[in-house]
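Working notes for the structure below.
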Amino acid sequence: MSELYRTRVAEGAIQPDPAQEAVLPEFDRIEAGLAEAAPVKRGFFRKAKPPEPVRGLYLWGGVGRGKSMLMDLFVESLDVPVRRVHFHAFMQEIQEGLNEARKANTQDSLAPVAAKIAESVRVLAFDEMQITDITDAMIVGRLFEALFAAGVVVVTTSNRVPDDLYKNGLNRQLFLPFIALIKERLVVHELASPHDYRQNRLEGGQVYFTPNDAEARAAIEEIWQDLTGGASEPLVLSVKGREVVIPAYRNGVGRARFHDLCGAMLGPGDYLEIAKAMKVLVLENIPCLGRSNFNEAKRFVTLIDALYEAKVRLICSAADEPESLYLEGEGVFEFERTASRLREMQDKDWGKDADGD
């Protein structure tokens with residue numbers, strides 16, 4: 001990991017940062033531990049002994065300090081089965097697995113779910129660990145105990161120190177053993193860099209582009225490349241058994257077209273889940289709104305409300321300025337608030353006080 005970091009610095013791909021360099025030995029320690037604890041194959045009729053436990057890493061710190069970038073380098077440097085996944089999406093998968101196990105009348109529905117994960121990976125790399133849902137809070141402790149017992153190594157980023165996870169949550173006292181487990185099985189390290197690389201990229205820059213033309217598309221693409229390096233994959237969120245897809249996603253930054261999110265039959269719950277999973281959303285091709293696309297307009301209003309409340313940074317291209325997007329038809333008066341929010345979200349300081357990486 002350290003060697004790869006130095007290589008990227010030498011190439012000019014990343015800037016050297018003392019705070020980032022200070023955590024590199026922890027990643028190196030995990031890599032070395034994984035190599036030493038490689039599972040030994042047994043006979044055909046005997047299961048392999050679980051590998052010796054390797055303490056993982058809980059890397060926390062403020063927005064844009066480079067936590068996700070370091071996670072990317074770590075995953076790239078590994079030669080063991082590893083899965084990198086957004087924590088929110090992972091917990092949704094767990095809930096789906098539990099529902100399937102319950103349908104099959106499995107006595108302990110969590111056991112087969114954890115076993116399936118442990119069979120496929122040695123390392124779970126989570127981006128943005130946060131617990132906001134009581135259902136997740138009640139199962140995450142047993143889940144991680146099972147994963148640790150099977151030799152799975154967990155490395156995670158978070159914007160919160162462990163003691164602040166699920167802060168003020170319902171029945172939080174039942175969640176406290178999980179915090180103790182995290183402290184026991186993971187090294188907790190604060191990435192205390194003074195630099196906010198993500199905010200610096202957007203500082204004072206234009207984030208609302210109109211009209212929807214080639215110039216706007218080029219500007220959006222440049223921002224996307226700068227924030228993600230161009231590498232992305234779809235993010236699939238499960239909401240009440242339905243899939244909500246963000247076509248492109250990387251390190252808390254999502255990208256979609258207006259039609260992807262407002263042309264589909266999505267509702268407030270879907271947009272809340274999208275807002276939870278995003279720190280920045282790039283939304284392209286917002287059209288003029290009115291009678292002809294009234295349903296899409298209503299969904300757009302709901303989406304903006306969700307993004308606004310969650311302090312998600314919005315970068316978008318639109319057919320016109322916010323105040324001129326919706327000029328006729330039912331809903332014009334209500335859209336005035338949305339236009340005001342779109343204008344406010346263009347401020348260079350928007351979202352600076354939000355949680356996340």
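Every chain in the structure tokens takes a letter, A first, then B, and so on in the order presented; its residues are numbered from 1, and the ligands are numbered from 1 following the presented order.
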Show me, as a tab-separated table (two decimals) with N, CA and C atoms, in the first residue's frame, the residues that have an atom within 8 Å of stretch 75-82 of chain A when counting only C-alpha atoms, minus same-chain residues fewer than 2 positions from it.
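result30.tsv, freshly written:
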```tsv
chain	number	residue	atom	x	y	z
A	1	MET	N	0.83	-1.21	0.00
A	1	MET	CA	0.00	0.00	0.00
A	1	MET	C	0.87	1.26	0.00
A	4	LEU	N	2.47	1.79	-3.35
A	4	LEU	CA	1.52	2.25	-4.36
A	4	LEU	C	1.20	3.73	-4.14
A	31	GLU	N	-2.20	-5.79	5.27
A	31	GLU	CA	-1.72	-6.58	4.13
A	31	GLU	C	-0.78	-7.69	4.59
A	34	LEU	N	-2.71	-10.42	6.44
A	34	LEU	CA	-3.47	-11.28	5.53
A	34	LEU	C	-2.57	-12.31	4.88
A	71	MET	N	-8.81	4.11	0.61
A	71	MET	CA	-9.49	2.81	0.53
A	71	MET	C	-9.32	2.20	-0.86
A	72	ASP	N	-9.46	3.02	-1.89
A	72	ASP	CA	-9.27	2.54	-3.27
A	72	ASP	C	-7.88	1.96	-3.47
A	73	LEU	N	-6.87	2.68	-2.99
A	73	LEU	CA	-5.49	2.21	-3.14
A	73	LEU	C	-5.28	0.90	-2.39
A	84	ARG	N	-15.34	-4.15	-2.10
A	84	ARG	CA	-15.51	-2.75	-1.69
A	84	ARG	C	-16.95	-2.37	-1.95
A	120	SER	N	-17.03	-15.84	0.38
A	120	SER	CA	-16.65	-15.18	-0.87
A	120	SER	C	-15.55	-14.15	-0.72
A	121	VAL	N	-15.28	-13.67	0.51
A	121	VAL	CA	-14.29	-12.61	0.67
A	121	VAL	C	-13.40	-12.86	1.88
A	122	ARG	N	-12.20	-12.31	1.83
A	122	ARG	CA	-11.34	-12.23	3.01
A	122	ARG	C	-11.41	-10.84	3.63
A	123	VAL	N	-11.69	-9.84	2.78
A	123	VAL	CA	-11.71	-8.46	3.25
A	123	VAL	C	-13.00	-7.78	2.78
A	124	LEU	N	-13.66	-7.10	3.71
A	124	LEU	CA	-14.78	-6.24	3.37
A	124	LEU	C	-14.32	-4.80	3.55
A	125	ALA	N	-14.38	-4.02	2.48
A	125	ALA	CA	-13.96	-2.63	2.51
A	125	ALA	C	-15.21	-1.76	2.39
```
Quiz item: stretch 11-183 of chain A: which residues are strand (DSSP E) by DSSP, as a PyMOL selection string?
Solution: chain A and resi 56-60+82-86+123-127+153-158
Using only C-alpha atoms, please write the residues we just selected to a file, as a compact mmCIF listing (two decimals), in the first residue's frame.
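What landed in out-v8.txt:
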```txt
# COMPACT_ATOMS: atom_id res chain seq x y z
CA GLY A 56 -9.04 -4.25 10.64
CA LEU A 57 -9.18 -0.47 10.41
CA TYR A 58 -11.79 2.18 11.19
CA LEU A 59 -10.65 5.33 9.38
CA TRP A 60 -12.65 8.40 10.29
CA VAL A 82 -11.98 -8.37 -1.36
CA ARG A 83 -15.22 -6.52 -1.81
CA ARG A 84 -15.51 -2.75 -1.69
CA VAL A 85 -19.07 -1.62 -1.08
CA HIS A 86 -20.96 1.38 0.23
CA VAL A 123 -11.71 -8.46 3.25
CA LEU A 124 -14.78 -6.24 3.37
CA ALA A 125 -13.96 -2.63 2.51
CA PHE A 126 -16.81 -0.33 3.51
CA ASP A 127 -17.22 3.23 2.38
CA VAL A 153 -11.18 -8.51 7.90
CA VAL A 154 -13.14 -5.26 7.93
CA VAL A 155 -11.74 -1.93 6.80
CA THR A 156 -14.13 1.00 6.83
CA THR A 157 -14.27 4.74 6.42
CA SER A 158 -16.63 6.94 8.38
```
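Of the listed residues A:Ala306, A:Leu327, A:Leu24, A:Met278, the one whose atoms come nearest to A:Ser2 is A:Leu24, with distances taken using only C-alpha atoms.
The interatomic distance for the pair atom CA of A:Ala35 and atom CA of A:Asn159 works out to 29.3 Å.
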Quiz prompt | Nearest residue to A:Arg343 from the set A:Thr132, A:Thr302, A:Gln206, A:Asn251 (distances using only C-alpha atoms) | solution = A:Gln206
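In this comparison, which uses only C-alpha atoms, the residue of A:Leu110, A:Ala115, A:Arg250, A:Arg65 approaching A:Gln15 most closely is A:Arg65.
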Quiz item: A:Val23: which residues within 8 Å, counting only C-alpha atoms, same-chain residues fewer than 3 positions away excluded, as number ranges by chain?
Solution: A: 19-20, 26-27, 189, 191
Exercise. Name all residues at most 9 Å from stretch 224-229 of chain A (count only C-alpha atoms; drop same-chain ones fewer than 4 positions away) and give them as a VMD selection string.
Key: chain A and resid 198 201 219 to 220 249 to 251 253 255 282
Exercise. Extract the full set of alpha helix (DSSP H) residues from stretch 76-301 of chain A according to DSSP on the backbone, and format it as a PyMOL selection string.
Key: chain A and resi 76-77+87-103+110-120+134-149+176-185+197-202+214-228+258-262+268-277+294-301
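Atom CA of A:Asn99 is found 19.5 Å from atom CA of A:Ile131.
Taking only C-alpha atoms, the non-local environment of A:Thr210 within 6 Å (same-chain residues fewer than 6 positions away omitted) comprises A:Ser317, A:Ala318, A:Ala319, A:Asp320.
For the choices A:Val207, A:Met129, A:Leu98, A:Leu165, the atom-to-atom distance to A:Leu143 is smallest for A:Leu98 when using only C-alpha atoms.
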Quiz prompt | Who sits within 12 Å of A:Gly169, only C-alpha atoms, same chain under 4 positions skipped, as a PyMOL selection string | solution = chain A and resi 130-138+164-165+173-176
Keeping only C-alpha atoms, write those residues as a CSV table (one decimal), in the first residue's frame.
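Result written to selection-v6.csv:
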```csv
chain,number,residue,atom,x,y,z
A,130,GLN,CA,-23.1,5.1,9.3
A,131,ILE,CA,-26.1,3.7,11.2
A,132,THR,CA,-29.3,5.6,10.9
A,133,ASP,CA,-31.9,2.8,10.8
A,134,ILE,CA,-33.0,0.9,13.9
A,135,THR,CA,-33.3,-2.3,11.9
A,136,ASP,CA,-29.7,-2.1,10.9
A,137,ALA,CA,-28.7,-1.1,14.4
A,138,MET,CA,-30.3,-4.2,15.9
A,164,ASP,CA,-21.0,8.7,17.7
A,165,LEU,CA,-22.4,6.0,15.6
A,173,GLN,CA,-28.2,1.1,24.6
A,174,LEU,CA,-28.7,-2.1,22.6
A,175,PHE,CA,-26.3,-0.8,20.0
A,176,LEU,CA,-23.4,0.0,22.4
```
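In terms of minimum interatomic distance to A:Gly205, A:Lys348 ranks closest within A:Ala231, A:Lys348, A:Leu283, A:Lys311, counting only C-alpha atoms.
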Quiz prompt | Pick from A:Arg217, A:Lys276, A:Arg291, A:Arg8, whichever lies nearest to A:Ile315 using only C-alpha atoms | solution = A:Arg217
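Counting from atom CA of A:Ala111, the distance to atom CA of A:Val152 is 14.4 Å.
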Practice problem: Tell me, as a PyMOL selection string, which residues lie within 9 Å of A:Phe300, counting only C-alpha atoms; anything in the same chain fewer than 5 positions away does not count. | Solution: chain A and resi 258+261-262+295+305+338
Create the file for the chosen residues now, containing C-alpha atoms and written as a PDB file, in the first residue's frame.
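Listed below is the output, result-v7.pdb:
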```pdb
ATOM      1  CA  PHE A 258     -33.230  13.682 -14.874  1.00  0.00           C
ATOM      2  CA  LEU A 261     -34.577   9.627 -11.241  1.00  0.00           C
ATOM      3  CA  CYS A 262     -37.722  11.584 -12.087  1.00  0.00           C
ATOM      4  CA  ASN A 295     -45.629  13.872 -12.623  1.00  0.00           C
ATOM      5  CA  ASP A 305     -36.277  18.400  -0.977  1.00  0.00           C
ATOM      6  CA  THR A 338     -37.721  24.442  -5.114  1.00  0.00           C
TER       7      THR A 338
END
```
